[in-house]
>>> print(open('input_20.tsv').read())   # TSV, C-alpha atoms
chain	number	residue	atom	x	y	z
A	1	MET	CA	7.46	-5.40	9.54
A	2	ASN	CA	8.04	-7.13	12.86
A	3	LYS	CA	5.60	-9.47	14.60
A	4	GLU	CA	4.09	-6.76	16.80
A	5	GLN	CA	3.56	-4.45	13.81
A	6	GLY	CA	2.02	-7.34	11.89
A	7	ARG	CA	-0.44	-7.99	14.73
A	8	ALA	CA	-1.31	-4.30	14.95
A	9	GLU	CA	-1.92	-4.21	11.21
A	10	ARG	CA	-4.05	-7.35	11.31
A	11	ASP	CA	-6.12	-6.07	14.24
A	12	TYR	CA	-6.58	-2.70	12.54
A	13	ARG	CA	-7.78	-4.32	9.31
A	14	LEU	CA	-10.27	-6.47	11.19
A	15	VAL	CA	-11.63	-3.61	13.26
A	16	LYS	CA	-11.79	-1.40	10.15
A	17	ALA	CA	-13.72	-4.11	8.30
A	18	VAL	CA	-16.23	-4.30	11.15
A	19	PHE	CA	-16.64	-0.53	11.16
A	20	MET	CA	-17.09	-0.47	7.39
A	21	THR	CA	-19.77	-3.14	7.70
A	22	LEU	CA	-21.50	-1.05	10.37
A	23	ARG	CA	-21.34	1.95	8.04
A	24	ASP	CA	-22.60	-0.06	5.06
A	25	LYS	CA	-25.56	-1.20	7.16
A	26	GLY	CA	-26.32	2.41	8.13
A	27	ILE	CA	-25.47	1.93	11.81
A	28	ILE	CA	-22.70	4.57	11.75
A	29	THR	CA	-22.01	7.52	9.44
A	30	ASP	CA	-18.97	8.18	7.26
A	31	ALA	CA	-17.81	10.80	9.76
A	32	GLU	CA	-18.10	8.29	12.61
A	33	LEU	CA	-16.26	5.70	10.51
A	34	SER	CA	-13.44	8.17	9.94
A	35	ALA	CA	-13.27	9.04	13.65
A	36	LEU	CA	-13.27	5.36	14.62
A	37	LYS	CA	-10.49	4.57	12.16
A	38	LYS	CA	-8.40	7.44	13.54
A	39	GLU	CA	-8.97	6.21	17.09
A	40	CYS	CA	-7.95	2.67	16.08
A	41	VAL	CA	-4.76	4.00	14.50
A	42	ARG	CA	-4.02	5.98	17.67
A	43	ARG	CA	-4.46	2.90	19.85
A	44	LEU	CA	-3.16	0.08	17.64
A	45	LYS	CA	-0.44	2.03	15.79
A	46	PRO	CA	-0.58	0.02	12.55
A	47	MET	CA	1.90	1.16	9.91
A	48	VAL	CA	-0.29	0.73	6.82
A	49	GLY	CA	-3.43	1.85	8.64
A	50	GLU	CA	-1.71	5.03	9.76
A	51	LEU	CA	-0.64	5.74	6.21
A	52	GLU	CA	-4.20	5.17	5.05
A	53	VAL	CA	-5.80	7.36	7.69
A	54	ASN	CA	-3.30	10.16	7.20
A	55	SER	CA	-3.67	9.97	3.40
A	56	ILE	CA	0.04	9.46	2.93
A	57	ALA	CA	-0.73	6.28	0.99
A	58	GLU	CA	-1.90	8.47	-1.87
A	59	ILE	CA	1.69	9.56	-2.48
A	60	GLU	CA	2.99	7.57	-5.43
A	61	ASP	CA	3.77	4.34	-3.57
A	62	GLY	CA	5.56	6.35	-0.91
A	63	ARG	CA	8.36	7.15	-3.34
A	64	LEU	CA	8.04	10.90	-2.81
A	65	VAL	CA	8.32	10.48	0.95
A	66	LYS	CA	11.35	8.24	0.53
A	67	GLN	CA	12.89	10.73	-1.90
A	68	ALA	CA	12.34	13.58	0.57
A	69	LEU	CA	13.90	11.54	3.38
A	70	SER	CA	16.83	10.55	1.17
A	71	ASP	CA	17.54	14.12	0.03
A	72	HIS	CA	20.40	15.42	2.14
A	73	THR	CA	21.29	18.34	-0.14
A	74	GLU	CA	20.54	21.10	2.37
A	75	ILE	CA	22.11	19.29	5.30
A	76	ASP	CA	25.21	18.41	3.27
A	77	ALA	CA	25.60	22.03	2.12
A	78	GLU	CA	25.35	23.27	5.71
A	79	LEU	CA	27.81	20.60	6.88
A	80	ARG	CA	30.30	21.70	4.21
A	81	ALA	CA	29.91	25.34	5.27
A	82	ILE	CA	30.42	24.41	8.91
A	83	VAL	CA	33.56	22.39	8.11
A	84	GLU	CA	34.96	25.34	6.14
A	85	GLU	CA	34.21	27.72	9.00
A	86	MET	CA	35.71	25.29	11.53
A	87	GLU	CA	38.90	25.17	9.44
A	88	VAL	CA	39.05	28.98	9.36
A	89	VAL	CA	38.47	29.24	13.12
A	90	ALA	CA	41.09	26.53	13.79
A	91	GLY	CA	43.53	28.48	11.60
A	92	LEU	CA	42.80	31.67	13.55
A	93	ILE	CA	43.37	29.82	16.84
A	94	GLU	CA	46.72	28.47	15.56
A	95	LYS	CA	47.72	31.93	14.28
A	96	SER	CA	46.77	33.51	17.62
A	97	ILE	CA	48.86	30.94	19.53
A	98	ALA	CA	51.82	31.39	17.18
A	99	THR	CA	51.64	35.19	17.39
A	100	ASN	CA	51.47	35.04	21.17
A	101	ALA	CA	54.53	32.77	21.24
A	102	ILE	CA	56.59	35.12	19.05
A	103	THR	CA	55.32	38.58	20.03
A	104	ALA	CA	54.72	40.01	23.46
A	105	LEU	CA	50.94	40.48	23.48
A	106	ASP	CA	48.64	41.79	26.17
A	107	GLN	CA	47.74	38.47	27.85
A	108	ASP	CA	44.23	39.60	28.82
A	109	GLU	CA	43.53	40.53	25.18
A	110	TYR	CA	45.08	37.25	23.99
A	111	ALA	CA	42.98	35.24	26.48
A	112	LYS	CA	39.78	37.00	25.32
A	113	THR	CA	40.59	36.32	21.66
A	114	TYR	CA	41.55	32.70	22.33
A	115	GLU	CA	38.43	32.09	24.44
A	116	SER	CA	36.19	33.70	21.84
A	117	LEU	CA	37.66	31.58	19.04
A	118	THR	CA	37.47	28.32	21.01
A	119	GLU	CA	33.86	29.04	21.99
A	120	ARG	CA	33.03	29.66	18.32
A	121	TYR	CA	34.72	26.40	17.37
A	122	GLN	CA	32.77	24.48	20.02
A	123	VAL	CA	29.47	25.98	18.81
A	124	LEU	CA	30.33	24.91	15.26
A	125	GLN	CA	31.29	21.45	16.48
A	126	LYS	CA	27.97	21.02	18.31
A	127	ARG	CA	26.03	22.17	15.24
A	128	TYR	CA	28.05	19.77	13.07
A	129	THR	CA	27.27	16.88	15.42
A	130	ALA	CA	23.56	17.76	15.51
A	131	LEU	CA	23.35	17.99	11.71
A	132	THR	CA	25.23	14.72	11.30
A	133	ARG	CA	22.79	13.05	13.67
A	134	GLN	CA	19.83	14.60	11.80
A	135	ARG	CA	21.22	13.30	8.50
A	136	GLU	CA	21.67	9.81	9.95
A	137	ASP	CA	18.10	9.86	11.32
A	138	LYS	CA	16.72	10.88	7.93
A	139	GLN	CA	18.68	8.13	6.23
A	140	PHE	CA	17.51	5.57	8.79
A	141	LYS	CA	13.87	6.60	8.18
A	142	ALA	CA	14.41	6.42	4.42
A	143	ASP	CA	15.86	2.91	4.77
A	144	GLU	CA	12.97	1.86	7.03
A	145	LEU	CA	10.43	3.28	4.56
A	146	SER	CA	12.17	1.53	1.69
A	147	GLY	CA	11.87	-1.81	3.51
A	148	PHE	CA	8.29	-1.05	4.44
A	149	LEU	CA	7.40	-0.21	0.82
A	150	PHE	CA	8.95	-3.49	-0.26
A	151	GLU	CA	6.87	-5.38	2.30
A	152	LEU	CA	3.81	-3.37	1.29
A	153	GLY	CA	4.30	-4.61	-2.25
A	154	GLU	CA	4.28	-8.13	-0.84
A	155	LEU	CA	0.85	-7.48	0.70
A	156	ASP	CA	-0.71	-7.69	-2.76
A	157	LEU	CA	-0.13	-11.42	-2.45
A	158	LEU	CA	-2.27	-11.60	0.70
A	159	ASP	CA	-5.99	-12.19	0.57
A	160	THR	CA	-7.38	-9.06	2.20
A	161	GLU	CA	-10.96	-9.48	1.03
A	162	TRP	CA	-13.57	-9.46	3.81
A	163	LYS	CA	-14.73	-12.95	4.78
A	164	ASP	CA	-17.13	-13.68	7.59
A	165	SER	CA	-15.34	-16.94	8.34
A	166	ARG	CA	-11.98	-15.17	8.77
A	167	PHE	CA	-13.58	-12.55	10.99
A	168	ARG	CA	-15.22	-15.22	13.17
A	169	ALA	CA	-11.89	-17.07	13.40
A	170	THR	CA	-10.10	-13.92	14.58
A	171	VAL	CA	-12.64	-12.00	16.65
A	172	GLU	CA	-14.07	-13.93	19.58
A	173	ARG	CA	-16.67	-11.31	20.49
A	174	ILE	CA	-17.61	-7.63	20.34
A	175	THR	CA	-19.12	-6.09	23.45
A	176	VAL	CA	-21.18	-2.93	22.94
A	177	HIS	CA	-21.50	-0.75	26.05
A	178	ASN	CA	-24.13	1.91	26.79
A	179	ASP	CA	-21.47	4.63	26.89
A	180	GLY	CA	-20.57	4.01	23.23
A	181	ARG	CA	-17.56	1.75	23.81
A	182	LEU	CA	-16.98	-1.23	21.56
A	183	VAL	CA	-14.69	-3.86	23.06
A	184	PHE	CA	-13.22	-6.26	20.51
A	185	THR	CA	-11.94	-9.48	22.07
A	186	PHE	CA	-9.68	-11.41	19.70
A	187	THR	CA	-9.14	-15.15	19.76
A	188	ASN	CA	-5.55	-14.61	20.95
A	189	GLY	CA	-6.95	-13.02	24.13
A	190	SER	CA	-6.06	-9.42	23.29
A	191	GLU	CA	-8.72	-6.71	23.52
A	192	GLU	CA	-9.19	-3.35	21.87
A	193	THR	CA	-11.65	-0.75	23.10
A	194	VAL	CA	-12.93	1.86	20.67
A	195	MET	CA	-15.37	4.69	21.32
A	196	MET	CA	-18.21	5.14	18.85
>>> encode(input="input_20.tsv", output="structure tokens")
Amino acid sequence: MNKEQGRAERDYRLVKAVFMTLRDKGIITDAELSALKKECVRRLKPMVGELEVNSIAEIEDGRLVKQALSDHTEIDAELRAIVEEMEVVAGLIEKSIATNAITALDQDEYAKTYESLTERYQVLQKRYTALTRQREDKQFKADELSGFLFELGELDLLDTEWKDSRFRATVERITVHNDGRLVFTFTNGSEETVMM
């Protein structure tokens, strides 16, 4: 988790704690709490908060998501099939060239055959490149998730219990507007506006 993600996560947790306190005091409903949390995730983009709001955190420590991202079985099978077809098409191109060199063929017919085979090869090559890129993207996401899950395990060491003193040290003020906006001003000068 980089510094920006860490700040987003911290800000989300603080805002969420405030909203939960408002709910516990009967000021907002559970539905409003849920809507506010979703809005905070949309604006702050916290990694853990997003998992929480989207209920992905319920997946066994994210292992199933990582497993799905790491599974390249279908992509690998399609890549193998494409490579085999590319080899066949390349063989047909070579055979066509060799036949044309040895036998007097109708050059218009030869050109059509050659063009058709090379177009097919190029289509296969583009698909191969796209699938390779897709596989690399999946693997990158799996690696990122793996690192994130490791860091998430480290969060158990952090004190995440609500404390008024911590809140007061982090949030400078909350401004409530008539139109339902809550503006949280943090001690670092950043602000977050949330609609109630």
>>> closest_residue(input="input_20.tsv", among="A:Thr185, A:Lys141, A:Glu39, A:Met196", to="A:Asp71", atoms="only C-alpha atoms")
A:Lys141
>>> residues_around(input="input_20.tsv", residues="A:Glu74", least_positions_apart="4", cutoff="12 Å", atoms="only C-alpha atoms", output="VMD selection string")
chain A and resid 68 to 70 78 to 81 131 to 132 134 to 135
>>> residues_around(input="input_20.tsv", residues="A:Ile93", least_positions_apart="5", cutoff="9 Å", atoms="all atoms listed in the file", output="PyMOL selection string")
chain A and resi 88+98+113-114+117-118
>>> atom_distance(input="input_20.tsv", atom1="atom CA of A:Ile27", atom2="atom CA of A:His177")
15.0 Å
>>> closest_residue(input="input_20.tsv", among="A:Glu115, A:Glu191, A:Asp76, A:Asp30", to="A:Arg173", atoms="all atoms listed in the file")
A:Glu191
>>> closest_residue(input="input_20.tsv", among="A:Leu33, A:Met20, A:Ala169, A:Ile174", to="A:Thr187", atoms="all atoms listed in the file")
A:Ala169
>>> atom_distance(input="input_20.tsv", atom1="atom CA of A:Thr29", atom2="atom CA of A:Ala17")
14.3 Å
>>> closest_residue(input="input_20.tsv", among="A:Asp137, A:Asp11, A:Glu94, A:Glu85", to="A:Phe186", atoms="only C-alpha atoms")
A:Asp11
>>> atom_distance(input="input_20.tsv", atom1="atom CA of A:Ser190", atom2="atom CA of A:Ala8")
10.9 Å
>>> residues_around(input="input_20.tsv", residues="A:Val176", least_positions_apart="3", cutoff="10 Å", atoms="all atoms listed in the file", output="VMD selection string")
chain A and resid 173 179 to 184 193 to 196
>>> residues_near_point(input="input_20.tsv", point="(-17.0, -9.4, 13.6)", cutoff="8 Å", atoms="all atoms listed in the file", output="number ranges by chain")
A: 14-15, 18, 164, 167-168, 171, 173-174
>>> closest_residue(input="input_20.tsv", among="A:Ile82, A:Leu92, A:Ala142, A:Ile102", to="A:Val123", atoms="only C-alpha atoms")
A:Ile82
